[in-house]
Every structure is written in structure tokens, then in C-alpha cells.
Amino acid sequence: MMITEDADRLKRIEASLRKKYKHKIFNKFVQAICDYDLIRPGDNIAVCISGGKDSMLCAKLFQELKRRNKIPFEVKFLSMDPGYTEPNRRQIENNAKLLNIPVTFFNTKIFDSVFHVEQNPCYLCAKMRRGFLYRFAKESGCNKIALGHHFDDIIETNLMSMIYGGEIRTMMPKVKSAHWEGMELIRPLYYIREQDIKNWRDENHLQFLQCACRFTERIAAARPDEPAPSKRQEIKQLIAKLEAGNKQVPNNIFHAMENVNLSVVLQYKLKGKLCRTLDDYDAAAPQTEDSSDADFL
């Protein structure tokens, strides 16, 4: 009886991606792949599963794309255990079984390695996890790894870079690895809003990992009206507040990375070379003053 119930539930979950969430999730997944040329014929892609809602959804979307057979590619589903507690590991395994995702696990001790690091433990953890994922994926015959970063991750990173990093940069939809020859990272959830992922999860009564370590447990539990326990959560709250007054704010933050006017920035880097816009000021032709300045007065 339980097996039949799980099979019926899986059908409903997959059907929701083909019907109710086709436009907000699956079509945006395909659009990002097409716009940024994320998958090419012959690719062998490792979908990296952390156990959260984003990576699990990413796996289901790749299965759906593979089922449609529009692009000849291969896909593997990898999950690195950096030192999960037994309940967390079991939850990933149970969700993978429910969603019919054939996950291959491999173990590391990253959590133990960064537990006592005081400065930027999350950065170090993410860097180490990325390295292990590249290595295991390459050993498994893959040439790309797919991560579950979504639209909101992108725009939050944009603002964090400006406010706390003092630079304008974004999380790119694809990146060639500098340390693992022939390997590439892709982000096919690039256009998908986090709220739509949450809606898909909740309407299908799915429960994924919210976090995996003690620090992120506190971050995940924070409410929007509480002081933010991390800079990313602080930026998330800021965007939500601005969006409440203007629905275009998230899209404007995203599209700002596509509309950089180099003639009106002080300086910029291009392929490692620093360029100062005013260096050729005296030789440049006069320009009409930008009337858009008045919008901010």
C-alpha cells in the first residue's frame, strides 16, 4: 500500500512541474539553459544535491528535460556528505527515494575542518565543498556540475557585492573552473524565483533540509521582522521591504547587471586590466548631461 501511495504522490509532484508550475519553474529553467547555452550535446552533467529545496528541484527539472530528449546529454546526481547528522543524511536519502532521484553519495569531513574557524567559516566551507564536488564529478566522467542557485540568490549577491564588497559583480550563469581542467559550473535555476520554489515544495507537502550546520540553523530560523543573523539574510530582508513598495525592484537589480554603462562609471576591470574612465576626459567629445540624474534628486 505504501509503495502505491508513494508512486501516486511522485506522479502528482512531477505533474505539478508540467502543469501548474510549467511557466514559473520549468519554462524558466529551459529559458536559462537556452539563453546562456548551459547544456550542449554530449555533456555529462553532475547535478549536485545538498538536500535543500533548490538542489532537489534542480534534479527533478533535469529528469524532466532528459525525459523530453530535446538535447542529447547525460546526467548524474551526486550528494556530498560533509558531515551531516544522521537525521539529516536520512532525510536526504528519503527524499531522493520519494522523488525517484538515483543519488550517489560520497563522504568528506568538511564540517569538522571548518567548525573552529572564526573568520569566514561559510566561505571556507563553500570553497572546500566546491573543490570536492569538482573532483568527484570529474572522476565520475562529468564535464559540468549544476548548482541550485536561483534568481533571488543572484540579486542578493549583486547587492552584497556593492554594499559589503565595494564592487559591482554578479553570480554568473556559467563559469569555467580555474583549477579543474575541462570542468564547468552551471546555474540553470538562474531565472526562477525562490517563492515559486517554496510554493512548489509546500503544495506538494515536501520537507527538505533547511540547513546543515549550527550556524545556518540560526539563519534559516530568522523571521523577516527580526534582526538579520547574517549579511545575506539582511540583504534578503532589504529586498523584500523594497519589493513591497515596488514590485519591479528585484528585476531591476537583476537587469542592472545587463545594463552597465561603462562611460559613466569611475573605473572598471576588463580581463584583469584596470581602466579609468576619466583618463581620456580631455580628449573626449562633449556629451549631453544625463537627465536621469534628476530622478535621484
# chains A, B, ... in the order shown; residues from 1 in each chain; ligands from 1
$ residues_around --residues "Arg135 of chain A" --least-positions-apart "2" --cutoff "12 Å" --atoms "only C-alpha atoms" --output "list in words"
Ala46, Leu78, Met80, Phe106, Met128, Arg129, Arg130, Gly131, Phe132, Leu133, Ala137, Lys138, Glu139, Ser140, Gly141, Cys142, Asn143, Lys144, Ile145, Ser177, His179, Trp180, Glu181, Gly182, Met183 and Glu184 of chain A
$ residues_around --residues "segment 24-28 of chain A" --least-positions-apart "5" --cutoff "12 Å" --atoms "only C-alpha atoms" --output "compact mmCIF listing (two decimals) with N, CA and C atoms, in the first residue's frame"
# COMPACT_ATOMS: atom_id res chain seq x y z
N GLU A 14 5.53 15.32 -10.05
CA GLU A 14 6.08 15.55 -11.39
C GLU A 14 5.06 16.26 -12.28
N ALA A 15 3.80 15.92 -12.12
CA ALA A 15 2.75 16.57 -12.92
C ALA A 15 2.67 18.06 -12.61
N SER A 16 2.94 18.44 -11.36
CA SER A 16 2.87 19.85 -11.00
C SER A 16 3.91 20.68 -11.75
N LEU A 17 5.06 20.08 -12.06
CA LEU A 17 6.08 20.79 -12.82
C LEU A 17 5.71 20.91 -14.30
N ARG A 18 4.87 19.98 -14.77
CA ARG A 18 4.45 20.01 -16.18
C ARG A 18 3.21 20.85 -16.40
N LYS A 19 2.48 21.12 -15.32
CA LYS A 19 1.21 21.82 -15.46
C LYS A 19 1.22 23.14 -14.68
N ILE A 33 18.76 27.81 -19.72
CA ILE A 33 19.64 26.89 -20.45
C ILE A 33 19.87 27.39 -21.87
N CYS A 34 18.80 27.86 -22.51
CA CYS A 34 18.91 28.35 -23.89
C CYS A 34 19.62 29.70 -23.96
N ASP A 35 19.25 30.64 -23.08
CA ASP A 35 19.84 31.98 -23.12
C ASP A 35 21.34 31.96 -22.88
N ASP A 54 16.20 23.70 -3.35
CA ASP A 54 16.69 24.17 -4.64
C ASP A 54 17.39 23.05 -5.43
N LEU A 57 14.85 20.32 -6.47
CA LEU A 57 14.07 20.77 -7.62
C LEU A 57 14.91 20.71 -8.88
N CYS A 58 16.15 21.14 -8.79
CA CYS A 58 17.06 21.12 -9.94
C CYS A 58 17.17 19.70 -10.50
N ALA A 59 17.28 18.73 -9.61
CA ALA A 59 17.36 17.33 -10.04
C ALA A 59 16.10 16.91 -10.79
N LYS A 60 14.93 17.26 -10.27
CA LYS A 60 13.67 16.90 -10.93
C LYS A 60 13.55 17.58 -12.29
N LEU A 61 14.01 18.80 -12.40
CA LEU A 61 13.93 19.51 -13.68
C LEU A 61 14.85 18.87 -14.71
N PHE A 62 16.02 18.42 -14.28
CA PHE A 62 16.92 17.74 -15.21
C PHE A 62 16.31 16.41 -15.66
N GLN A 63 15.64 15.72 -14.76
CA GLN A 63 14.97 14.48 -15.14
C GLN A 63 13.89 14.76 -16.18
N GLU A 64 13.13 15.83 -15.99
CA GLU A 64 12.07 16.18 -16.92
C GLU A 64 12.65 16.57 -18.28
N LEU A 65 13.74 17.33 -18.26
CA LEU A 65 14.39 17.71 -19.52
C LEU A 65 14.93 16.49 -20.24
N HIS A 150 19.30 30.20 -7.41
CA HIS A 150 18.13 30.73 -8.12
C HIS A 150 18.22 32.26 -8.27
N PHE A 151 17.18 32.84 -8.84
CA PHE A 151 17.11 34.28 -9.14
C PHE A 151 17.41 35.12 -7.90
N ARG A 187 24.38 27.18 -13.62
CA ARG A 187 23.30 27.51 -12.69
C ARG A 187 21.98 27.62 -13.48
N PRO A 188 21.33 26.50 -13.75
CA PRO A 188 20.13 26.52 -14.60
C PRO A 188 18.86 27.05 -13.92
N LEU A 189 18.89 27.31 -12.60
CA LEU A 189 17.73 27.91 -11.94
C LEU A 189 17.81 29.44 -11.93
N TYR A 190 18.65 29.98 -12.77
CA TYR A 190 19.01 31.40 -12.77
C TYR A 190 17.81 32.34 -12.82
N TYR A 191 16.74 31.95 -13.51
CA TYR A 191 15.57 32.82 -13.67
C TYR A 191 14.43 32.50 -12.70
N ILE A 192 14.57 31.48 -11.89
CA ILE A 192 13.45 31.00 -11.07
C ILE A 192 13.42 31.70 -9.71
N ARG A 193 12.26 32.29 -9.37
CA ARG A 193 12.11 32.98 -8.10
C ARG A 193 12.02 31.98 -6.94
N GLU A 194 12.62 32.32 -5.83
CA GLU A 194 12.63 31.44 -4.68
C GLU A 194 11.22 31.17 -4.17
N GLN A 195 10.34 32.17 -4.22
CA GLN A 195 8.99 31.98 -3.71
C GLN A 195 8.24 30.92 -4.51
N ASP A 196 8.50 30.84 -5.81
CA ASP A 196 7.86 29.81 -6.63
C ASP A 196 8.37 28.42 -6.25
N ILE A 197 9.65 28.33 -5.90
CA ILE A 197 10.19 27.05 -5.42
C ILE A 197 9.53 26.66 -4.11
N LYS A 198 9.37 27.63 -3.22
CA LYS A 198 8.72 27.35 -1.94
C LYS A 198 7.27 26.92 -2.14
N ASN A 199 6.60 27.58 -3.07
CA ASN A 199 5.20 27.22 -3.33
C ASN A 199 5.09 25.80 -3.85
N TRP A 200 5.99 25.42 -4.77
CA TRP A 200 6.00 24.05 -5.31
C TRP A 200 6.26 23.05 -4.20
N ARG A 201 7.21 23.36 -3.34
CA ARG A 201 7.53 22.49 -2.21
C ARG A 201 6.34 22.32 -1.27
$ closest_residue --among "A:Ile253, A:Ala244, A:Ile49, A:Leu209" --to "Pro87 of chain A" --atoms "only C-alpha atoms"
A:Leu209
$ atom_distance --atom1 "atom CA of Asp43 of chain A" --atom2 "atom CA of Asn69 of chain A"
13.2 Å
$ closest_residue --among "A:Tyr164, A:Thr4, A:Lys176, A:Cys275" --to "Glu234 of chain A" --atoms "only C-alpha atoms"
A:Tyr164
$ select_by_dssp --residues "segment 61-264 of chain A" --states "helix (DSSP H, G or I)" --output "VMD selection string"
chain A and resid 61 to 68 86 to 98 110 to 114 121 to 139 151 to 165 194 to 203 214 to 220 231 to 245 249 to 256 262 to 264
$ residues_around --residues "segment 260-268 of chain A" --least-positions-apart "5" --cutoff "10 Å" --atoms "only C-alpha atoms" --output "short mmCIF file (atom, residue, chain, number, x, y, z; two decimals) with all heavy atoms, in the first residue's frame"
data_model
loop_
_atom_site.label_atom_id
_atom_site.label_comp_id
_atom_site.auth_asym_id
_atom_site.auth_seq_id
_atom_site.Cartn_x
_atom_site.Cartn_y
_atom_site.Cartn_z
N GLU A 167 32.25 46.46 -4.77
CA GLU A 167 32.44 46.21 -6.20
C GLU A 167 31.13 45.78 -6.83
O GLU A 167 30.22 45.32 -6.15
CB GLU A 167 33.51 45.14 -6.43
CG GLU A 167 33.20 43.79 -5.81
CD GLU A 167 34.29 42.76 -6.07
OE1 GLU A 167 35.07 42.96 -7.01
OE2 GLU A 167 34.35 41.76 -5.33
N ILE A 168 31.05 45.98 -8.12
CA ILE A 168 29.87 45.55 -8.87
C ILE A 168 30.21 44.24 -9.57
O ILE A 168 31.04 44.20 -10.47
CB ILE A 168 29.45 46.61 -9.90
CG1 ILE A 168 29.05 47.91 -9.18
CG2 ILE A 168 28.29 46.11 -10.76
CD1 ILE A 168 28.72 49.04 -10.12
N HIS A 255 18.54 43.15 -13.81
CA HIS A 255 18.84 43.71 -15.13
C HIS A 255 19.92 44.79 -15.07
O HIS A 255 20.50 45.13 -16.12
CB HIS A 255 17.57 44.25 -15.78
CG HIS A 255 16.59 43.17 -16.16
ND1 HIS A 255 16.93 42.13 -17.00
CD2 HIS A 255 15.30 42.97 -15.80
CE1 HIS A 255 15.89 41.33 -17.14
NE2 HIS A 255 14.90 41.81 -16.43
N LYS A 273 42.60 43.98 -16.34
CA LYS A 273 43.20 45.29 -16.56
C LYS A 273 42.27 46.37 -16.01
O LYS A 273 41.09 46.40 -16.31
CB LYS A 273 43.44 45.53 -18.05
CG LYS A 273 44.06 46.89 -18.36
CD LYS A 273 44.24 47.09 -19.85
CE LYS A 273 44.82 48.46 -20.15
NZ LYS A 273 44.97 48.70 -21.62
N LEU A 274 42.84 47.29 -15.22
CA LEU A 274 42.06 48.38 -14.64
C LEU A 274 41.98 49.54 -15.62
O LEU A 274 43.00 50.03 -16.12
CB LEU A 274 42.71 48.85 -13.34
CG LEU A 274 41.97 49.96 -12.58
CD1 LEU A 274 40.60 49.45 -12.12
CD2 LEU A 274 42.79 50.43 -11.39
N CYS A 275 40.78 49.97 -15.92
CA CYS A 275 40.56 51.07 -16.87
C CYS A 275 39.89 52.24 -16.13
O CYS A 275 38.85 52.06 -15.50
CB CYS A 275 39.66 50.62 -18.02
SG CYS A 275 40.25 49.18 -18.92
N ARG A 276 40.48 53.42 -16.21
CA ARG A 276 39.92 54.62 -15.58
C ARG A 276 39.19 55.43 -16.64
O ARG A 276 39.80 55.89 -17.60
CB ARG A 276 41.01 55.44 -14.93
CG ARG A 276 41.65 54.78 -13.71
CD ARG A 276 42.89 55.53 -13.24
NE ARG A 276 42.63 56.95 -13.07
CZ ARG A 276 42.17 57.51 -11.93
NH1 ARG A 276 41.95 56.72 -10.88
NH2 ARG A 276 41.97 58.80 -11.83
N THR A 277 37.91 55.61 -16.46
CA THR A 277 37.07 56.26 -17.47
C THR A 277 37.50 57.69 -17.76
O THR A 277 37.42 58.17 -18.90
CB THR A 277 35.59 56.23 -17.03
OG1 THR A 277 35.24 54.90 -16.68
CG2 THR A 277 34.68 56.71 -18.14
N LEU A 278 37.97 58.41 -16.74
CA LEU A 278 38.31 59.83 -16.92
C LEU A 278 39.72 60.07 -17.45
O LEU A 278 40.12 61.21 -17.65
CB LEU A 278 38.14 60.58 -15.59
CG LEU A 278 36.69 60.68 -15.07
CD1 LEU A 278 36.66 61.37 -13.72
CD2 LEU A 278 35.81 61.42 -16.07
N ASP A 279 40.48 59.00 -17.73
CA ASP A 279 41.84 59.17 -18.24
C ASP A 279 41.86 59.90 -19.58
O ASP A 279 42.80 60.64 -19.89
CB ASP A 279 42.54 57.82 -18.36
CG ASP A 279 43.03 57.32 -17.00
OD1 ASP A 279 43.02 58.12 -16.04
OD2 ASP A 279 43.43 56.14 -16.91
N ASP A 290 23.47 63.73 -18.49
CA ASP A 290 22.48 62.67 -18.31
C ASP A 290 21.32 63.20 -17.48
O ASP A 290 21.45 63.46 -16.29
CB ASP A 290 23.12 61.47 -17.61
CG ASP A 290 22.21 60.25 -17.60
OD1 ASP A 290 21.06 60.39 -18.02
OD2 ASP A 290 22.69 59.18 -17.18
#
$ residues_around --residues "Thr108 of chain A" --least-positions-apart "4" --cutoff "7 Å" --atoms "only C-alpha atoms" --output "count of residues only"
3
$ atom_distance --atom1 "atom CA of Leu159 of chain A" --atom2 "atom CA of Leu242 of chain A"
12.6 Å
$ residues_around --residues "Ile186 of chain A" --least-positions-apart "5" --cutoff "6 Å" --atoms "only C-alpha atoms" --output "PyMOL selection string"
chain A and resi 146+173-174
